[in-house]
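Engineer: Starting off with a structure, shown below.
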2 protein chains.
Amino acid sequence: MKHTISVLVENKSGVLARISGLFSARGYNIDSLAVGPTEDPDTSRMTIVVGGDEDVLEQVTKQLNKLPDTISVKDFLSAEFVERDLMLIRAKASKKERPEIMEIAGIFRAKVVDVAQDSVMIEVTGSESKIEAFIELMMPYGIKEMARTGIIALERGGK
Amino acid sequence: MKHTISVLVENKSGVLARISGLFSARGYNIDSLAVGPTEDPDTSRMTIVVGGDEDVLEQVTKQLNKLPDTISVKDFLSAEFVERDLMLIRAKASKKERPEIMEIAGIFRAKVVDVAQDSVMIEVTGSESKIEAFIELMMPYGIKEMARTGIIALERGGK
């Protein structure tokens, strides 16, 4: 079972190392992690996607809560939330294939952001499953390079 | 001076802890970090944005290169690249303010992804400066919550 954990932390040196250390000390491999600024310059928000055993993950969450750098921890498994992932992908594309690829990009509301002789770079935003569907469609052309941010998430309804 | 460093690493437990430890051991605060899957399931790509002194950062880059988990390191300061950041932001919005906010979102090609009684959630993708311009425009309404992925980047031209 995959969990999306949103952790609000103090924005200072060493916090990321401590938090990622917490996971790796238990042999947990993080699927994705995104950390960036928030509305408050003194805090950062980390969104961590991790799979694994419920019990052990509960322990990790408890330990996260105990860290002095942690302001709050939310496990999005139970709550209704909006999740978004962002990807830049460079697919091989001959001149002949380019229109096909641009059509697929259009269907996914993705944007072509760079064109080279034999490839195109596309920006896609969406849920994890949308991003993965897009990758699958690019595979027959050949994927030269890609970068993904990992998921960020906010709760619906704004409680 | 801000650097955008793209590190291709092996996808295994502990790598993130080791890399973030490398920065924090030198008192470097990471502005943003995004790590996610790549075209190869055995590797992950980390995009790290960090500010600071050139010389020390050069040392960190050298050390990154020496880590057994590191496959390649690219410092995007010199290369021409496409950078993208993704944000979910919940701004306060009365019924009266909602149309104004939706108009601003339209100008930024941002998407309204959730509407509540007194707030809206918006998804914005773009360069760091675009995201920051959008935040500034939301400030007068009041920002309730936000999450950012941090930057990801790929080189133009696909060499």
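Every chain in the structure tokens takes a letter, A first, then B, and so on in the order presented; its residues are numbered from 1, and the ligands are numbered from 1 following the presented order.
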Can you tell me which residues surround Met87 in chain B at a distance of at most 6 Å, considering only C-alpha atoms, apart from same-chain residues fewer than 3 positions away, and format the answer as a list in words?
Structural biologist: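 Using only C-alpha atoms, the neighbours found are Glu123, Val124, Ala147 and Arg148 of chain B.
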Engineer: Quick one: residues within 12 Å of Glu100 in chain A, only C-alpha atoms, excluding same-chain residues fewer than 3 positions away - as a list of chain:residue names?
Structural biologist: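 Result of the neighbour search: A:Ala91, A:Lys92, A:Ala93, A:Ser94, A:Lys95, A:Lys96, A:Glu97, A:Glu103, A:Ile104, A:Ala105, A:Gly106, A:Ile107, A:Val120, A:Leu137, A:Met138, A:Pro140, A:Tyr141.
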Engineer: The selected residues should be written to file as a PDB file, in the first residue's frame (atoms: C-alpha atoms).
Structural biologist:
```
ATOM      1  CA  ALA A  91      11.251  11.313 -26.280  1.00  0.00           C
ATOM      2  CA  LYS A  92      12.938  10.356 -29.523  1.00  0.00           C
ATOM      3  CA  ALA A  93      11.022  11.820 -32.443  1.00  0.00           C
ATOM      4  CA  SER A  94      11.845  11.852 -36.111  1.00  0.00           C
ATOM      5  CA  LYS A  95      10.233  14.611 -38.163  1.00  0.00           C
ATOM      6  CA  LYS A  96       7.633  12.067 -39.246  1.00  0.00           C
ATOM      7  CA  GLU A  97       6.796  11.004 -35.695  1.00  0.00           C
ATOM      8  CA  GLU A 103      -1.243  14.864 -30.788  1.00  0.00           C
ATOM      9  CA  ILE A 104      -0.758  12.552 -27.797  1.00  0.00           C
ATOM     10  CA  ALA A 105       0.604  15.510 -25.822  1.00  0.00           C
ATOM     11  CA  GLY A 106      -2.528  17.474 -26.712  1.00  0.00           C
ATOM     12  CA  ILE A 107      -4.816  14.726 -25.430  1.00  0.00           C
ATOM     13  CA  VAL A 120      11.050  16.583 -28.274  1.00  0.00           C
ATOM     14  CA  LEU A 137       2.667   5.938 -24.709  1.00  0.00           C
ATOM     15  CA  MET A 138       6.138   7.451 -25.221  1.00  0.00           C
ATOM     16  CA  PRO A 140       7.508   2.937 -28.426  1.00  0.00           C
ATOM     17  CA  TYR A 141       9.261   6.133 -29.626  1.00  0.00           C
TER      18      TYR A 141
END
```
Engineer: Can you list, as a PDB file with N, CA, C and O atoms, in the first residue's frame, every protein, DNA or RNA residue that comes within 8 Å of Lys74 in chain A when you count only C-alpha atoms, leaving out same-chain residues fewer than 4 positions away?
Structural biologist:
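To be explicit, this is the file written out as around_36.pdb:
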```
ATOM      1  N   ILE A   5       2.671  11.039   2.438  1.00  0.00           N
ATOM      2  CA  ILE A   5       2.816  11.703   3.734  1.00  0.00           C
ATOM      3  C   ILE A   5       3.271  13.145   3.513  1.00  0.00           C
ATOM      4  O   ILE A   5       4.243  13.391   2.802  1.00  0.00           O
ATOM      5  N   SER A   6       2.550  14.061   4.106  1.00  0.00           N
ATOM      6  CA  SER A   6       2.888  15.471   3.967  1.00  0.00           C
ATOM      7  C   SER A   6       3.427  15.963   5.310  1.00  0.00           C
ATOM      8  O   SER A   6       2.751  15.872   6.326  1.00  0.00           O
ATOM      9  N   VAL A   7       4.656  16.433   5.316  1.00  0.00           N
ATOM     10  CA  VAL A   7       5.291  16.851   6.563  1.00  0.00           C
ATOM     11  C   VAL A   7       5.674  18.325   6.473  1.00  0.00           C
ATOM     12  O   VAL A   7       6.404  18.727   5.569  1.00  0.00           O
TER      13      VAL A   7
END
```
Engineer: Please identify all polymer residues within 8 Å of Arg18 in chain A, counting only C-alpha atoms, omitting same-chain residues fewer than 4 positions from it, and present them as a PyMOL selection string.
Structural biologist: (chain A and resi 14+22) or (chain B and resi 17)
Engineer: Can you tell me, as a ChimeraX atom specification, which residues in range 35-152 of chain A count as strand (DSSP E) by DSSP?
Structural biologist: /A:35-37,43-51,70-75,81-92,111-116,119-126,143-148,152
Engineer: Looking at B:Glu145, B:Glu10, B:Glu132, B:Asp114, which one is nearest to Ile89 in chain B, with distances taken over only C-alpha atoms?
Structural biologist: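 Looking at the shortest contact to Ile89 in chain B, the residue is B:Glu145.
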Engineer: As an exercise, work out the distance from CA of Lys144 in chain B to CA of Asp31 in chain B in Å and give it to one decimal place.
Structural biologist: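 Result for CA of Lys144 in chain B versus CA of Asp31 in chain B: 21.3 Å, one decimal.
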Engineer: If you measure from CA of Leu86 in chain B to CA of Thr125 in chain B, what distance in Å do you get, rounded to one decimal?
Structural biologist: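 If I compute the distance from CA of Leu86 in chain B to CA of Thr125 in chain B, I get 4.5 Å.
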Engineer: One decimal, Å: what's the distance from CA of Leu154 in chain B over to CA of Thr4 in chain A, could you say?
Structural biologist: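 Atom-to-atom, CA of Leu154 in chain B and CA of Thr4 in chain A are spaced 25.8 Å apart.
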Engineer: Would you mind writing down, as a PyMOL selection string, each residue of chain A that DSSP on the backbone assigns to helix (DSSP H, G or I)?
Structural biologist: chain A and resi 15-24+54-66+98-107+128-138+156-158
